[in-house]
file entry.csv (CSV, C-alpha atoms)
chain,number,residue,atom,x,y,z
V,1,MET,CA,91.7,107.9,94.1
V,2,ILE,CA,88.3,109.1,93.1
V,3,ARG,CA,85.8,108.9,96.0
V,4,PRO,CA,82.7,107.1,94.8
V,5,VAL,CA,79.6,109.3,94.9
V,6,SER,CA,77.3,106.9,93.1
V,7,LEU,CA,78.1,103.6,91.4
V,8,ALA,CA,75.0,103.7,89.2
V,9,LEU,CA,76.7,105.5,86.3
V,10,SER,CA,74.9,106.6,83.2
V,11,ALA,CA,76.6,106.0,79.8
V,12,ALA,CA,77.4,109.7,79.6
V,13,SER,CA,78.9,109.7,83.1
V,14,LEU,CA,81.0,106.6,82.4
V,15,ALA,CA,82.3,108.2,79.2
V,16,VAL,CA,83.4,111.3,81.2
V,17,LEU,CA,85.1,109.2,83.8
V,18,LEU,CA,86.9,107.1,81.2
V,19,SER,CA,88.2,110.2,79.6
V,20,CYS,CA,89.9,111.2,82.8
V,21,VAL,CA,91.7,107.8,83.3
V,22,PRO,CA,94.9,106.9,81.6
V,23,ALA,CA,94.5,104.7,78.5
V,24,ILE,CA,96.8,102.1,80.0
V,25,GLY,CA,96.3,100.4,83.3
V,26,ALA,CA,98.5,99.7,86.2
V,27,GLU,CA,102.2,99.5,85.8
V,28,GLU,CA,103.6,96.1,84.9
V,29,ALA,CA,104.6,93.9,87.8
V,30,ILE,CA,108.3,93.4,88.5
V,31,VAL,CA,109.8,90.0,88.9
V,32,ILE,CA,111.9,90.0,92.0
V,33,PRO,CA,113.6,87.3,94.1
V,34,PRO,CA,112.2,86.2,97.5
V,35,PRO,CA,113.8,87.6,100.6
V,36,VAL,CA,116.9,85.9,101.9
V,37,LEU,CA,115.8,86.6,105.5
V,38,ASP,CA,112.3,85.6,106.5
V,39,GLU,CA,110.3,84.5,109.6
V,40,ALA,CA,109.8,81.0,110.8
V,41,ARG,CA,107.0,79.1,109.1
V,42,THR,CA,105.0,78.3,112.3
V,43,ALA,CA,101.2,78.0,112.4
V,44,GLY,CA,99.3,80.8,114.1
V,45,GLN,CA,97.9,84.3,113.3
V,46,GLU,CA,100.0,87.3,112.7
V,47,LYS,CA,99.4,90.8,111.4
V,48,ALA,CA,101.3,93.2,109.1
V,49,VAL,CA,100.4,96.6,107.8
V,50,PHE,CA,101.2,97.8,104.2
V,51,ALA,CA,100.8,101.2,102.6
V,52,GLY,CA,101.2,101.5,98.9
V,53,GLY,CA,98.9,104.1,97.4
V,54,CYS,CA,95.1,103.8,97.3
V,55,PHE,CA,94.1,101.0,99.6
V,56,TRP,CA,91.4,99.7,97.2
V,57,GLY,CA,94.0,97.9,95.1
V,58,VAL,CA,96.4,96.9,97.9
V,59,GLN,CA,93.5,95.3,99.8
V,60,GLY,CA,92.3,93.6,96.7
V,61,VAL,CA,95.7,92.0,96.1
V,62,PHE,CA,96.2,90.7,99.6
V,63,GLN,CA,92.6,89.3,99.7
V,64,HIS,CA,93.6,87.0,96.9
V,65,VAL,CA,96.7,85.6,98.7
V,66,ASN,CA,96.5,82.1,100.2
V,67,GLY,CA,97.1,82.1,103.9
V,68,VAL,CA,95.7,85.6,104.4
V,69,THR,CA,92.7,85.4,106.7
V,70,ALA,CA,91.7,89.1,106.5
V,71,ALA,CA,92.8,92.3,104.7
V,72,VAL,CA,91.2,95.5,106.0
V,73,SER,CA,91.6,99.0,104.5
V,74,GLY,CA,92.4,101.7,106.9
V,75,TYR,CA,94.8,104.5,108.0
V,76,SER,CA,98.1,104.4,109.8
V,77,GLY,CA,100.7,107.0,110.8
V,78,GLY,CA,98.5,109.6,112.4
V,79,ARG,CA,96.1,110.2,115.3
V,80,GLN,CA,92.9,108.2,115.8
V,81,GLU,CA,90.8,111.4,115.8
V,82,ASP,CA,92.1,112.2,112.3
V,83,ALA,CA,91.4,108.7,110.8
V,84,ASP,CA,88.6,109.9,108.6
V,85,TYR,CA,88.7,109.8,104.8
V,86,SER,CA,87.9,113.4,104.3
V,87,MET,CA,90.7,114.5,106.6
V,88,VAL,CA,93.3,111.9,105.5
V,89,SER,CA,92.7,113.1,101.9
V,90,THR,CA,94.0,116.5,102.7
V,91,GLY,CA,97.5,115.0,103.2
V,92,THR,CA,98.0,116.8,106.5
V,93,THR,CA,97.1,114.2,109.1
V,94,GLY,CA,100.3,112.0,108.8
V,95,HIS,CA,98.2,109.1,107.9
V,96,ALA,CA,98.8,106.8,105.0
V,97,GLU,CA,96.1,104.8,103.3
V,98,ALA,CA,97.1,101.3,104.6
V,99,VAL,CA,95.9,97.7,104.7
V,100,GLU,CA,96.1,95.5,107.8
V,101,VAL,CA,96.7,91.9,106.7
V,102,SER,CA,96.0,89.0,109.1
V,103,TYR,CA,97.8,85.8,108.0
V,104,ASP,CA,98.9,82.3,108.9
V,105,PRO,CA,102.8,82.2,108.6
V,106,ALA,CA,102.6,78.5,108.1
V,107,LYS,CA,100.9,79.2,104.8
V,108,VAL,CA,102.4,82.5,103.8
V,109,SER,CA,105.3,84.3,105.5
V,110,TYR,CA,105.9,87.9,106.1
V,111,GLY,CA,108.7,87.8,103.6
V,112,GLN,CA,106.4,86.3,100.9
V,113,LEU,CA,103.9,89.1,101.6
V,114,LEU,CA,106.7,91.6,101.2
V,115,GLN,CA,107.6,90.1,97.9
V,116,ILE,CA,104.0,90.4,96.6
V,117,PHE,CA,103.9,94.0,98.0
V,118,PHE,CA,107.0,95.1,96.1
V,119,SER,CA,106.3,93.1,93.0
V,120,VAL,CA,102.6,93.4,92.4
V,121,ALA,CA,100.7,95.6,94.8
V,122,HIS,CA,102.5,98.9,94.1
V,123,ASN,CA,105.6,100.7,92.8
V,124,PRO,CA,108.0,101.3,95.7
V,125,THR,CA,110.1,103.9,93.8
V,126,GLN,CA,107.3,106.5,93.7
V,127,LEU,CA,107.8,109.1,96.5
V,128,ASN,CA,104.5,110.3,98.1
V,129,TYR,CA,102.4,109.2,95.2
V,130,GLN,CA,101.2,106.1,93.4
V,131,GLY,CA,100.1,106.2,89.8
V,132,PRO,CA,97.4,108.9,89.5
V,133,ASP,CA,97.2,109.6,93.3
V,134,HIS,CA,99.5,112.2,94.8
V,135,GLY,CA,100.1,113.2,98.4
V,136,THR,CA,101.8,111.8,101.5
V,137,GLN,CA,98.7,109.7,102.2
V,138,TYR,CA,99.6,107.6,99.2
V,139,ARG,CA,103.2,107.0,100.3
V,140,SER,CA,104.9,103.7,100.3
V,141,ALA,CA,105.4,102.4,103.9
V,142,LEU,CA,105.7,99.4,106.1
V,143,PHE,CA,104.3,99.8,109.5
V,144,VAL,CA,106.1,97.1,111.4
V,145,MET,CA,104.6,95.2,114.4
V,146,ASN,CA,107.9,94.1,116.0
V,147,ASP,CA,111.6,93.9,115.8
V,148,GLU,CA,111.5,90.8,113.6
V,149,GLN,CA,109.3,92.5,111.0
V,150,GLU,CA,111.5,95.5,111.0
V,151,LYS,CA,114.7,93.4,110.5
V,152,ILE,CA,113.1,91.4,107.7
V,153,ALA,CA,111.7,94.5,105.9
V,154,LYS,CA,115.0,96.4,106.0
V,155,ALA,CA,117.0,93.4,105.0
V,156,TYR,CA,114.7,92.8,102.0
V,157,ILE,CA,114.8,96.4,100.9
V,158,ALA,CA,118.6,96.3,101.1
V,159,GLN,CA,118.7,93.1,99.1
V,160,LEU,CA,116.5,94.5,96.3
V,161,GLU,CA,118.6,97.7,96.2
V,162,ASN,CA,121.8,95.8,95.9
V,163,ILE,CA,120.7,94.0,92.8
V,164,HIS,CA,119.1,97.1,91.3
V,165,VAL,CA,115.9,95.3,90.3
V,166,PHE,CA,114.0,98.7,90.1
V,167,ALA,CA,114.8,101.6,87.8
V,168,GLY,CA,115.0,104.0,90.7
V,169,PRO,CA,115.7,103.8,94.5
V,170,ILE,CA,113.2,102.2,96.8
V,171,VAL,CA,111.5,105.0,98.9
V,172,THR,CA,109.5,102.7,101.2
V,173,GLU,CA,109.4,103.9,104.8
V,174,VAL,CA,109.8,101.3,107.6
V,175,THR,CA,108.1,102.7,110.7
V,176,ASP,CA,106.9,101.3,114.0
V,177,ILE,CA,103.2,101.1,114.0
V,178,SER,CA,101.4,103.5,116.3
V,179,GLY,CA,97.9,102.4,115.4
V,180,PHE,CA,95.7,101.1,112.7
V,181,PHE,CA,92.3,102.5,112.2
V,182,PRO,CA,89.8,100.7,109.8
V,183,ALA,CA,88.4,102.9,107.0
V,184,GLU,CA,84.8,103.6,106.4
V,185,THR,CA,82.6,100.6,105.4
V,186,TYR,CA,82.2,101.8,101.8
V,187,HIS,CA,85.9,101.5,101.2
V,188,GLN,CA,86.0,97.8,102.3
V,189,ASP,CA,86.1,95.2,99.6
V,190,PHE,CA,85.8,98.0,97.0
V,191,LEU,CA,87.7,96.2,94.3
V,192,THR,CA,85.7,93.0,94.5
V,193,LEU,CA,82.3,94.8,94.7
V,194,ASN,CA,83.2,97.3,91.9
V,195,PRO,CA,85.4,95.5,89.4
V,196,THR,CA,84.2,97.7,86.5
V,197,TYR,CA,84.5,101.0,88.3
V,198,PRO,CA,86.9,103.0,86.0
V,199,TYR,CA,89.6,103.6,88.6
V,200,ILE,CA,89.6,100.0,89.6
V,201,LEU,CA,89.4,98.7,86.1
V,202,PHE,CA,92.4,100.6,84.9
V,203,ASN,CA,94.6,100.8,88.0
V,204,ASP,CA,93.9,97.8,90.1
V,205,MET,CA,92.4,94.8,88.2
V,206,PRO,CA,95.7,94.3,86.3
V,207,LYS,CA,97.3,93.8,89.7
V,208,ILE,CA,95.1,90.8,90.4
V,209,GLU,CA,96.0,89.3,87.1
V,210,ASN,CA,99.7,89.9,87.8
V,211,LEU,CA,99.4,88.2,91.1
V,212,ARG,CA,97.8,85.2,89.4
V,213,MET,CA,100.5,85.0,86.8
V,214,LEU,CA,103.6,85.7,88.9
V,215,PHE,CA,102.5,83.9,92.1
V,216,PRO,CA,100.3,81.0,91.0
V,217,GLY,CA,101.0,79.0,94.1
V,218,ALA,CA,100.0,81.9,96.3
V,219,PHE,CA,96.9,83.0,94.4
V,220,ARG,CA,93.4,82.2,95.6
V,221,SER,CA,90.6,82.9,93.1
V,222,GLU,CA,88.0,83.5,95.9
V,223,PRO,CA,89.0,86.6,97.9
V,224,VAL,CA,88.7,86.8,101.7
V,225,LEU,CA,86.2,89.7,102.2
V,226,VAL,CA,85.8,92.0,105.2
V,227,LEU,CA,82.0,92.5,104.8
V,228,LYS,CA,81.3,88.8,104.3
V,229,ALA,CA,83.2,88.1,107.5
V,230,LYS,CA,81.1,90.7,109.4
V,231,GLY,CA,77.9,89.3,107.9

call {"tool": "encode", "arguments": {"input": "entry.csv", "output": "structure tokens"}}
result
Amino acid sequence: MIRPVSLALSAASLAVLLSCVPAIGAEEAIVIPPPVLDEARTAGQEKAVFAGGCFWGVQGVFQHVNGVTAAVSGYSGGRQEDADYSMVSTGTTGHAEAVEVSYDPAKVSYGQLLQIFFSVAHNPTQLNYQGPDHGTQYRSALFVMNDEQEKIAKAYIAQLENIHVFAGPIVTEVTDISGFFPAETYHQDFLTLNPTYPYILFNDMPKIENLRMLFPGAFRSEPVLVLKAKG
């Protein structure tokens, strides 16, 4: 992920950035079955934390899912005092770039969120990297809130592995959450606020279109935004 220094790009600067970005965008989404095991569809508010590479795109995907009431970019897996972008980017803090999703299970279940995560939001076969981003901070991980989430997540990974839906083994970690720490303000809602930023344009905007095409019933055209909620 390229940290934004200034979004007011000159034509020359934009040309340089585009030359550094792959000519093709994000990898194609994978059509996968829903999980056999899932949570009860009862009304309320629950949270789940997903890590799948740069949090800009993962946040953007979940912000477009019906039933999601908030999706916040942040850090999980390390200490609170190390939850700073400049430190996490070194790959030495134990943190992964992650997204905390708040949702109503009566409208979208944890299992459905997992299906979107594995199908659209990232590639779960890439170990300690995602697309152009390399390092343990970009690892694929599920930070589970309770025993039920752990059981559903592990069962779904086993289900997908058994039918060999991916070209390689799934490397997604399933870990008890020890804390989630929101990222800096300039990282929040980055995809929505900067849809033509080269990194977003090539790596993440295709994910939103894939979500719309593969999960039309779950797609919401108007994203739920962090900064709008704070305002």

call {"tool": "residues_around", "arguments": {"input": "entry.csv", "residues": "range 110-127 of chain V", "least_positions_apart": "5", "cutoff": "9 Å", "atoms": "all atoms listed in the file", "output": "ChimeraX atom specification"}}
result
/V:26-39,46-48,50-53,57-62,65,103,105,135-136,138-141,149,152-153,156,166-172,204,207-208,210-211,214-215

call {"tool": "closest_residue", "arguments": {"input": "entry.csv", "among": "V:Ile177, V:Ala98, V:Leu225, V:Met205", "to": "Ser73 in chain V", "atoms": "all atoms listed in the file"}}
result
V:Ala98

call {"tool": "closest_residue", "arguments": {"input": "entry.csv", "among": "V:Gly131, V:Pro216, V:Gly67, V:Pro195", "to": "Ser109 in chain V", "atoms": "all atoms listed in the file"}}
result
V:Gly67

call {"tool": "closest_residue", "arguments": {"input": "entry.csv", "among": "V:Asp176, V:Tyr129, V:Ala83, V:Gly77", "to": "Glu148 in chain V", "atoms": "only C-alpha atoms"}}
result
V:Asp176

call {"tool": "atom_distance", "arguments": {"input": "entry.csv", "atom1": "CA of Thr196 in chain V", "atom2": "CA of Leu142 in chain V"}}
result
29.1 Å

call {"tool": "closest_residue", "arguments": {"input": "entry.csv", "among": "V:His134, V:Val88, V:Asn128, V:Phe55", "to": "Val101 in chain V", "atoms": "all atoms listed in the file"}}
result
V:Phe55

call {"tool": "atom_distance", "arguments": {"input": "entry.csv", "atom1": "CA of Asp104 in chain V", "atom2": "CA of Glu222 in chain V"}}
result
17.0 Å

call {"tool": "closest_residue", "arguments": {"input": "entry.csv", "among": "V:Ala71, V:Ile200, V:Ala106, V:Ala96", "to": "Arg41 in chain V", "atoms": "only C-alpha atoms"}}
result
V:Ala106

call {"tool": "atom_distance", "arguments": {"input": "entry.csv", "atom1": "CA of Pro198 in chain V", "atom2": "CA of Gly91 in chain V"}}
result
23.5 Å

call {"tool": "build_atoms", "arguments": {"input": "entry.csv", "residues": "range 163-196 of chain V", "atoms": "N, CA and C atoms", "output": "PDB file, in the frame of the given file"}}
result
ATOM      1  N   ILE V 163     120.714  94.587  94.122  1.00  0.00           N
ATOM      2  CA  ILE V 163     120.700  94.000  92.800  1.00  0.00           C
ATOM      3  C   ILE V 163     120.046  94.878  91.758  1.00  0.00           C
ATOM      4  N   HIS V 164     119.661  96.082  92.171  1.00  0.00           N
ATOM      5  CA  HIS V 164     119.100  97.100  91.300  1.00  0.00           C
ATOM      6  C   HIS V 164     117.994  96.574  90.391  1.00  0.00           C
ATOM      7  N   VAL V 165     117.037  95.940  91.057  1.00  0.00           N
ATOM      8  CA  VAL V 165     115.900  95.300  90.300  1.00  0.00           C
ATOM      9  C   VAL V 165     114.942  96.410  89.823  1.00  0.00           C
ATOM     10  N   PHE V 166     114.903  97.570  90.490  1.00  0.00           N
ATOM     11  CA  PHE V 166     114.000  98.700  90.100  1.00  0.00           C
ATOM     12  C   PHE V 166     114.819  99.740  89.364  1.00  0.00           C
ATOM     13  N   ALA V 167     114.101 100.511  88.555  1.00  0.00           N
ATOM     14  CA  ALA V 167     114.800 101.600  87.800  1.00  0.00           C
ATOM     15  C   ALA V 167     115.253 102.706  88.655  1.00  0.00           C
ATOM     16  N   GLY V 168     114.628 102.894  89.816  1.00  0.00           N
ATOM     17  CA  GLY V 168     115.000 104.000  90.700  1.00  0.00           C
ATOM     18  C   GLY V 168     115.151 103.423  92.150  1.00  0.00           C
ATOM     19  N   PRO V 169     115.581 104.259  93.090  1.00  0.00           N
ATOM     20  CA  PRO V 169     115.700 103.800  94.500  1.00  0.00           C
ATOM     21  C   PRO V 169     114.382 103.523  95.131  1.00  0.00           C
ATOM     22  N   ILE V 170     114.376 102.577  96.039  1.00  0.00           N
ATOM     23  CA  ILE V 170     113.200 102.200  96.800  1.00  0.00           C
ATOM     24  C   ILE V 170     112.989 103.324  97.874  1.00  0.00           C
ATOM     25  N   VAL V 171     111.790 103.898  97.950  1.00  0.00           N
ATOM     26  CA  VAL V 171     111.500 105.000  98.900  1.00  0.00           C
ATOM     27  C   VAL V 171     110.598 104.548 100.026  1.00  0.00           C
ATOM     28  N   THR V 172     110.363 103.254 100.142  1.00  0.00           N
ATOM     29  CA  THR V 172     109.500 102.700 101.200  1.00  0.00           C
ATOM     30  C   THR V 172     109.964 103.017 102.563  1.00  0.00           C
ATOM     31  N   GLU V 173     109.116 103.623 103.377  1.00  0.00           N
ATOM     32  CA  GLU V 173     109.400 103.900 104.800  1.00  0.00           C
ATOM     33  C   GLU V 173     109.209 102.613 105.600  1.00  0.00           C
ATOM     34  N   VAL V 174     110.046 102.384 106.579  1.00  0.00           N
ATOM     35  CA  VAL V 174     109.800 101.300 107.600  1.00  0.00           C
ATOM     36  C   VAL V 174     109.677 101.969 108.910  1.00  0.00           C
ATOM     37  N   THR V 175     108.465 101.886 109.464  1.00  0.00           N
ATOM     38  CA  THR V 175     108.100 102.700 110.700  1.00  0.00           C
ATOM     39  C   THR V 175     107.407 101.775 111.670  1.00  0.00           C
ATOM     40  N   ASP V 176     107.709 101.963 112.947  1.00  0.00           N
ATOM     41  CA  ASP V 176     106.900 101.300 114.000  1.00  0.00           C
ATOM     42  C   ASP V 176     105.491 101.710 113.939  1.00  0.00           C
ATOM     43  N   ILE V 177     104.600 100.764 114.063  1.00  0.00           N
ATOM     44  CA  ILE V 177     103.200 101.100 114.000  1.00  0.00           C
ATOM     45  C   ILE V 177     102.732 101.740 115.295  1.00  0.00           C
ATOM     46  N   SER V 178     101.981 102.816 115.166  1.00  0.00           N
ATOM     47  CA  SER V 178     101.400 103.500 116.300  1.00  0.00           C
ATOM     48  C   SER V 178      99.932 103.282 116.448  1.00  0.00           C
ATOM     49  N   GLY V 179      99.369 102.631 115.442  1.00  0.00           N
ATOM     50  CA  GLY V 179      97.900 102.400 115.400  1.00  0.00           C
ATOM     51  C   GLY V 179      97.446 102.110 114.034  1.00  0.00           C
ATOM     52  N   PHE V 180      96.426 101.287 113.926  1.00  0.00           N
ATOM     53  CA  PHE V 180      95.700 101.100 112.700  1.00  0.00           C
ATOM     54  C   PHE V 180      94.266 101.298 112.877  1.00  0.00           C
ATOM     55  N   PHE V 181      93.655 102.099 111.995  1.00  0.00           N
ATOM     56  CA  PHE V 181      92.300 102.500 112.200  1.00  0.00           C
ATOM     57  C   PHE V 181      91.493 102.131 110.902  1.00  0.00           C
ATOM     58  N   PRO V 182      90.563 101.175 110.988  1.00  0.00           N
ATOM     59  CA  PRO V 182      89.800 100.700 109.800  1.00  0.00           C
ATOM     60  C   PRO V 182      89.119 101.901 109.103  1.00  0.00           C
ATOM     61  N   ALA V 183      89.112 101.845 107.775  1.00  0.00           N
ATOM     62  CA  ALA V 183      88.400 102.900 107.000  1.00  0.00           C
ATOM     63  C   ALA V 183      86.929 102.647 106.990  1.00  0.00           C
ATOM     64  N   GLU V 184      86.243 103.603 106.428  1.00  0.00           N
ATOM     65  CA  GLU V 184      84.800 103.600 106.400  1.00  0.00           C
ATOM     66  C   GLU V 184      84.316 102.327 105.597  1.00  0.00           C
ATOM     67  N   THR V 185      83.117 101.872 105.920  1.00  0.00           N
ATOM     68  CA  THR V 185      82.600 100.600 105.400  1.00  0.00           C
ATOM     69  C   THR V 185      82.585 100.661 103.832  1.00  0.00           C
ATOM     70  N   TYR V 186      82.269 101.810 103.225  1.00  0.00           N
ATOM     71  CA  TYR V 186      82.200 101.800 101.800  1.00  0.00           C
ATOM     72  C   TYR V 186      83.503 101.649 101.062  1.00  0.00           C
ATOM     73  N   HIS V 187      84.611 101.748 101.814  1.00  0.00           N
ATOM     74  CA  HIS V 187      85.900 101.500 101.200  1.00  0.00           C
ATOM     75  C   HIS V 187      86.291 100.005 101.275  1.00  0.00           C
ATOM     76  N   GLN V 188      85.646  99.236 102.137  1.00  0.00           N
ATOM     77  CA  GLN V 188      86.000  97.800 102.300  1.00  0.00           C
ATOM     78  C   GLN V 188      85.551  96.989 101.121  1.00  0.00           C
ATOM     79  N   ASP V 189      86.423  96.082 100.678  1.00  0.00           N
ATOM     80  CA  ASP V 189      86.100  95.200  99.600  1.00  0.00           C
ATOM     81  C   ASP V 189      85.767  95.906  98.288  1.00  0.00           C
ATOM     82  N   PHE V 190      86.270  97.134  98.124  1.00  0.00           N
ATOM     83  CA  PHE V 190      85.800  98.000  97.000  1.00  0.00           C
ATOM     84  C   PHE V 190      86.177  97.344  95.659  1.00  0.00           C
ATOM     85  N   LEU V 191      87.349  96.752  95.544  1.00  0.00           N
ATOM     86  CA  LEU V 191      87.700  96.200  94.300  1.00  0.00           C
ATOM     87  C   LEU V 191      86.812  95.018  93.886  1.00  0.00           C
ATOM     88  N   THR V 192      86.519  94.140  94.832  1.00  0.00           N
ATOM     89  CA  THR V 192      85.700  93.000  94.500  1.00  0.00           C
ATOM     90  C   THR V 192      84.240  93.411  94.211  1.00  0.00           C
ATOM     91  N   LEU V 193      83.733  94.408  94.926  1.00  0.00           N
ATOM     92  CA  LEU V 193      82.300  94.800  94.700  1.00  0.00           C
ATOM     93  C   LEU V 193      82.177  95.708  93.502  1.00  0.00           C
ATOM     94  N   ASN V 194      83.264  96.312  93.021  1.00  0.00           N
ATOM     95  CA  ASN V 194      83.200  97.300  91.900  1.00  0.00           C
ATOM     96  C   ASN V 194      84.251  97.024  90.863  1.00  0.00           C
ATOM     97  N   PRO V 195      84.306  95.824  90.269  1.00  0.00           N
ATOM     98  CA  PRO V 195      85.400  95.500  89.400  1.00  0.00           C
ATOM     99  C   PRO V 195      85.394  96.312  88.060  1.00  0.00           C
ATOM    100  N   THR V 196      84.243  96.917  87.702  1.00  0.00           N
ATOM    101  CA  THR V 196      84.200  97.700  86.500  1.00  0.00           C
ATOM    102  C   THR V 196      84.210  99.212  86.737  1.00  0.00           C
TER     103      THR V 196
END
